Amino acid sequence: MPFATALNQAFFTPTRLLWAIVLGGALAYWPFCADYTHVPRFLALALGLLAAWLLLRRELQQEASWNLFDAWLLGWFVWNAVSISWSLSASEGVFYAQKVLLLLLSFRFFRHLLRQNAAQFRQTLGQLSLVLILVYGLLVGIQLIAAWQTGNLSNAALYGRFSGYLGNKSLAAEFLVLLLGLYALAGADSPLSQRFRMVYWLPGLLVVLMLALQVRTALLALLAGGMVYALARVWSETRFRSVLVKKVLPAILITAGMLTGILVWRESSVLERLNPLSYLDSDTANERRFVWYKTDVLNADHYWLGVGTGSWKFWLPSKGIEGGYRQMEGNVVFTRAHNDYLEVRSENGMIGAILFCGLWVLALGLGGRALGKTPGMAAAMGACVAYGVIQFFDFPRERMEFQLLMGIFLAFLTSGARAKPLPQAVWWWRLAVLGAGLAVFTGLCRLRGEIHLNRMMEAQSAARWREVAQEAKKAENPCYQYTDAAMPIAWHAGVAQYQLGVLEKSVNSLERAYQLNPWSFQVIHNYASALVKAGRLKEAVSLFEQALSINPRYDEGKFNLCYVYARLGDTLTARSWLNRIDTIPHPGTPADVEKNKATLRRLGEFRAVLE
């Protein structure tokens, strides 16, 4: 036996590769990054899949086959890759397309293991589900206890605590929903689960954690997925009907009673947060409706092709942000539509939306045909529906831990479909390995960039401008050009160079930042300010006006236009811009009150100078 073959059989068995891929893609964490989990989990999943496709080369080629769903998923990836050609940012377009590729490769790997040995695959998944539930449950529980001890379980306080390892409290609660689906699919029948009767108390514990996190989307997804799961089992398993009557229906009635109590009792802020009827009155709902409306306006101009993979966050302000209070006054930047369907429609056009929605329709259709034939199919259908609900209010397709579980559910749903041999399997295998290798390279570049970006942000908060410029230069590379707030790294470099008095370099950096994100009013404003300092006043005027067309309440731009027109000798126009400056109506926070005072003080100073 060749040494390489013996090494593979001893250390790199499919089961061990499965453990590495699932745990790495769901738990990888690197505290030195700007985003502790996003890129590390992308890189961990890419590394795991590259290893799997290299080490299981013969098995994957021998089992190579395809069906309609495989072709559809491949078409979805190809369309993402093609739309990079008209994307504003190649670096973001490649990154987003590679996430789809990793979903495709993980789906194929999971389905291969399922077809090779379904019993062993479900057993391993059952063990993995318990490990993931234990890790996430402990993390959520610890952070909830810490919040409870401070006496503050408000929505804002929980968002502040659930950062880092879990992303935010919404992502944490929604991931618990999918973990419950994974447990129902493979973990509930495991010997460990049966021994400790986990099937009776573990789902209840997860639901309690979801309630404590106060995330309506998670509860709605749980309800929708649970209903599909129960109906699918009733349809396919006659003996489940008695279980439904004796155990499931009482649990549903108890839950319904709790929800009724929530709707009636409005004195508790925590219960008010769980009330689905109050959602439309919340600030969150108002912001999302504003973003969705602006996205619809954008989509009307890019109907069939969209704006390109990964480019929604840059194009959204092109339609103006008037009407979004936090966007105008607080400089808040939305980098996600909080609706994957709408974001796909915007980035990949109507063609992409049809391909994307078709994935779920095909998967559920194939799963429905296989009900009663494949164990766990009802749970996979319920989890798929829950994922679809989450996609309507959040952005699970961006996060690799969600994509990983979706790959598992899709593998189950499509495992029983009729398949045809895949022609030229060796070439498809080579393309898969090449794609995984490029994803590893992208992940490494972005990981390096985020480490330096994190250092840059720390230096910026301490006003160490020389260090900011140095770290910005190290952070930026062809695969990584923006912060998580969609701000070009070149913008940070340009601001630092401006503070250091290196004017020519500052203008060049800010001009490049403007090319990378031409609709960020902060980028436009700083580029115009650098041009003013360089004496290029007329160029600066058009840029200041462009920034104000995006954010009409950006008073800093109005002050600067007043200054520039005064420098050009046009006092009348300078006064007209000064008269457009206004304070925040009905200031709701001390920061708003202080901002109004500062605005009034500057207005008085400018008027005195003009007179």
# chains A, B, ... in the order shown; residues from 1 in each chain; ligands from 1

$ residues_around --residues "Glu329 (chain A)" --least-positions-apart "4" --cutoff "8 Å" --atoms "only C-alpha atoms" --output "PyMOL selection string"
chain A and resi 325+553-554

$ select_by_dssp --residues "region 320-354 of chain A" --states "helix (DSSP H, G or I)" --output "VMD selection string"
chain A and resid 325 to 329 340 to 354

$ write_last_selection --atoms "N, CA and C atoms" --output "short mmCIF file (atom, residue, chain, number, x, y, z; two decimals), in the first residue's frame"
data_model
loop_
_atom_site.label_atom_id
_atom_site.label_comp_id
_atom_site.auth_asym_id
_atom_site.auth_seq_id
_atom_site.Cartn_x
_atom_site.Cartn_y
_atom_site.Cartn_z
N TYR A 325 -33.25 58.47 9.33
CA TYR A 325 -32.72 59.37 10.36
C TYR A 325 -31.30 59.00 10.76
N ARG A 326 -31.08 57.72 11.10
CA ARG A 326 -29.73 57.34 11.57
C ARG A 326 -28.71 57.43 10.45
N GLN A 327 -29.13 57.20 9.22
CA GLN A 327 -28.20 57.31 8.10
C GLN A 327 -27.78 58.77 7.88
N MET A 328 -28.71 59.69 8.06
CA MET A 328 -28.40 61.10 7.80
C MET A 328 -27.71 61.75 8.99
N GLU A 329 -28.21 61.51 10.20
CA GLU A 329 -27.69 62.21 11.37
C GLU A 329 -26.58 61.44 12.09
N ASP A 340 -32.35 38.73 2.23
CA ASP A 340 -31.49 38.12 1.21
C ASP A 340 -32.16 38.08 -0.16
N TYR A 341 -33.48 37.88 -0.20
CA TYR A 341 -34.17 37.83 -1.49
C TYR A 341 -34.06 39.17 -2.21
N LEU A 342 -34.28 40.25 -1.46
CA LEU A 342 -34.23 41.58 -2.05
C LEU A 342 -32.79 41.94 -2.45
N GLU A 343 -31.83 41.53 -1.64
CA GLU A 343 -30.43 41.84 -1.95
C GLU A 343 -29.97 41.07 -3.19
N VAL A 344 -30.37 39.80 -3.28
CA VAL A 344 -30.04 39.01 -4.48
C VAL A 344 -30.69 39.64 -5.71
N ARG A 345 -31.95 40.06 -5.57
CA ARG A 345 -32.64 40.72 -6.69
C ARG A 345 -31.90 41.97 -7.13
N SER A 346 -31.33 42.70 -6.15
CA SER A 346 -30.62 43.93 -6.48
C SER A 346 -29.26 43.65 -7.11
N GLU A 347 -28.52 42.70 -6.58
CA GLU A 347 -27.17 42.44 -7.06
C GLU A 347 -27.13 41.60 -8.33
N ASN A 348 -28.04 40.62 -8.43
CA ASN A 348 -27.99 39.68 -9.54
C ASN A 348 -29.17 39.79 -10.48
N GLY A 349 -30.02 40.81 -10.28
CA GLY A 349 -31.12 41.06 -11.18
C GLY A 349 -32.22 40.02 -11.08
N MET A 350 -33.20 40.15 -11.97
CA MET A 350 -34.32 39.21 -11.97
C MET A 350 -33.86 37.80 -12.32
N ILE A 351 -32.83 37.70 -13.16
CA ILE A 351 -32.29 36.36 -13.49
C ILE A 351 -31.76 35.70 -12.23
N GLY A 352 -30.97 36.43 -11.45
CA GLY A 352 -30.43 35.88 -10.21
C GLY A 352 -31.52 35.55 -9.22
N ALA A 353 -32.56 36.38 -9.12
CA ALA A 353 -33.66 36.12 -8.18
C ALA A 353 -34.39 34.83 -8.54
N ILE A 354 -34.59 34.58 -9.83
CA ILE A 354 -35.25 33.34 -10.26
C ILE A 354 -34.38 32.14 -9.90
#

$ residues_around --residues "Gly443 (chain A)" --least-positions-apart "3" --cutoff "9 Å" --atoms "only C-alpha atoms" --output "PDB file with C-alpha atoms, in the first residue's frame"
ATOM      1  CA  VAL A  39     -13.358  35.658   7.462  1.00  0.00           C
ATOM      2  CA  PRO A  40     -11.923  33.027   9.878  1.00  0.00           C
ATOM      3  CA  PHE A  42     -14.714  31.368   5.498  1.00  0.00           C
ATOM      4  CA  LEU A  43     -11.029  30.394   5.544  1.00  0.00           C
ATOM      5  CA  ALA A  44     -11.569  27.369   7.807  1.00  0.00           C
ATOM      6  CA  ALA A  46     -12.260  26.629   2.414  1.00  0.00           C
ATOM      7  CA  PHE A  95     -15.618  37.146  -2.135  1.00  0.00           C
ATOM      8  CA  LEU A 438      -8.632  30.234  -4.767  1.00  0.00           C
ATOM      9  CA  ALA A 439     -11.041  30.550  -1.823  1.00  0.00           C
ATOM     10  CA  VAL A 440      -8.187  29.654   0.545  1.00  0.00           C
ATOM     11  CA  ARG A 446      -8.628  38.973   3.782  1.00  0.00           C
ATOM     12  CA  LEU A 447      -7.462  37.560   7.114  1.00  0.00           C
ATOM     13  CA  ARG A 448      -4.176  39.433   6.808  1.00  0.00           C
ATOM     14  CA  CYS A 479      -8.796  40.815  -2.253  1.00  0.00           C
TER      15      CYS A 479
END

$ residues_around --residues "region 531-544 of chain A" --least-positions-apart "5" --cutoff "7 Å" --atoms "only C-alpha atoms" --output "list in words"
Val507, Ile524, His525, Gly557, Leu561 and Val564 of chain A

$ closest_residue --among "A:Ala386, A:Ala218, A:Ala119, A:Val177" --to "Thr15 (chain A)" --atoms "only C-alpha atoms"
A:Ala119

$ select_by_dssp --residues "region 439-512 of chain A" --states "strand (DSSP E or B)" --output "PyMOL selection string"
chain A and resi 477+480+482+488

$ write_last_selection --atoms "N, CA and C atoms" --output "mmCIF file, in the first residue's frame"
data_model
loop_
_atom_site.group_PDB
_atom_site.id
_atom_site.type_symbol
_atom_site.label_atom_id
_atom_site.label_comp_id
_atom_site.auth_asym_id
_atom_site.auth_seq_id
_atom_site.Cartn_x
_atom_site.Cartn_y
_atom_site.Cartn_z
ATOM 1 N N ASN A 477 -5.258 45.079 -0.030
ATOM 2 C CA ASN A 477 -4.708 44.197 -1.060
ATOM 3 C C ASN A 477 -5.814 43.943 -2.080
ATOM 4 N N TYR A 480 -8.956 42.641 -0.643
ATOM 5 C CA TYR A 480 -9.506 43.283 0.563
ATOM 6 C C TYR A 480 -9.286 44.785 0.461
ATOM 7 N N TYR A 482 -12.056 47.164 1.578
ATOM 8 C CA TYR A 482 -13.078 47.902 2.312
ATOM 9 C C TYR A 482 -13.151 47.424 3.760
ATOM 10 N N PRO A 488 -13.850 52.461 1.952
ATOM 11 C CA PRO A 488 -12.559 52.042 1.397
ATOM 12 C C PRO A 488 -11.431 52.271 2.405
#

$ atom_distance --atom1 "CA of Asn339 (chain A)" --atom2 "CA of Cys445 (chain A)"
28.2 Å

$ residues_around --residues "Ala383 (chain A)" --least-positions-apart "2" --cutoff "12 Å" --atoms "only C-alpha atoms" --output "ChimeraX atom specification"
/A:174-185,218,221-230,232,360,363-364,367,376-381,385-390,402,405-410,412-413

$ closest_residue --among "A:Asn299, A:Gln424, A:Gln123, A:Gln214" --to "Tyr159 (chain A)" --atoms "only C-alpha atoms"
A:Gln214

$ closest_residue --among "A:Leu305, A:Leu359, A:Ile489, A:Leu192" --to "Val82 (chain A)" --atoms "only C-alpha atoms"
A:Leu305

$ residues_around --residues "Glu59 (chain A)" --least-positions-apart "3" --cutoff "10 Å" --atoms "only C-alpha atoms" --output "VMD selection string"
chain A and resid 53 55 to 56 62 to 64 112 to 113 116

$ write_last_selection --atoms "N, CA and C atoms" --output "PDB file, in the first residue's frame"
ATOM      1  N   TRP A  53     -11.555  17.435  -0.783  1.00  0.00           N
ATOM      2  CA  TRP A  53     -11.586  17.132  -2.220  1.00  0.00           C
ATOM      3  C   TRP A  53     -10.250  16.577  -2.712  1.00  0.00           C
ATOM      4  N   LEU A  55      -8.093  14.708  -0.666  1.00  0.00           N
ATOM      5  CA  LEU A  55      -7.865  13.410  -0.037  1.00  0.00           C
ATOM      6  C   LEU A  55      -8.876  12.350  -0.460  1.00  0.00           C
ATOM      7  N   LEU A  56     -10.069  12.776  -0.873  1.00  0.00           N
ATOM      8  CA  LEU A  56     -11.091  11.824  -1.305  1.00  0.00           C
ATOM      9  C   LEU A  56     -11.262  11.851  -2.819  1.00  0.00           C
ATOM     10  N   GLN A  62     -15.443   8.655  -8.553  1.00  0.00           N
ATOM     11  CA  GLN A  62     -16.214   7.448  -8.846  1.00  0.00           C
ATOM     12  C   GLN A  62     -17.710   7.663  -8.632  1.00  0.00           C
ATOM     13  N   GLU A  63     -18.052   8.497  -7.628  1.00  0.00           N
ATOM     14  CA  GLU A  63     -19.458   8.728  -7.298  1.00  0.00           C
ATOM     15  C   GLU A  63     -20.036   9.916  -8.075  1.00  0.00           C
ATOM     16  N   ALA A  64     -19.218  10.529  -8.915  1.00  0.00           N
ATOM     17  CA  ALA A  64     -19.620  11.775  -9.580  1.00  0.00           C
ATOM     18  C   ALA A  64     -20.895  11.572 -10.403  1.00  0.00           C
ATOM     19  N   HIS A 112     -22.177  13.267  -0.932  1.00  0.00           N
ATOM     20  CA  HIS A 112     -21.334  12.099  -1.215  1.00  0.00           C
ATOM     21  C   HIS A 112     -21.266  11.186   0.005  1.00  0.00           C
ATOM     22  N   LEU A 113     -21.031  11.781   1.183  1.00  0.00           N
ATOM     23  CA  LEU A 113     -20.957  10.967   2.396  1.00  0.00           C
ATOM     24  C   LEU A 113     -22.308  10.327   2.703  1.00  0.00           C
ATOM     25  N   GLN A 116     -22.697   7.366   0.406  1.00  0.00           N
ATOM     26  CA  GLN A 116     -21.745   6.298   0.700  1.00  0.00           C
ATOM     27  C   GLN A 116     -22.173   5.475   1.907  1.00  0.00           C
TER      28      GLN A 116
END

$ closest_residue --among "A:Val208, A:Asp301, A:Ala496, A:Leu213" --to "Leu158 (chain A)" --atoms "only C-alpha atoms"
A:Leu213
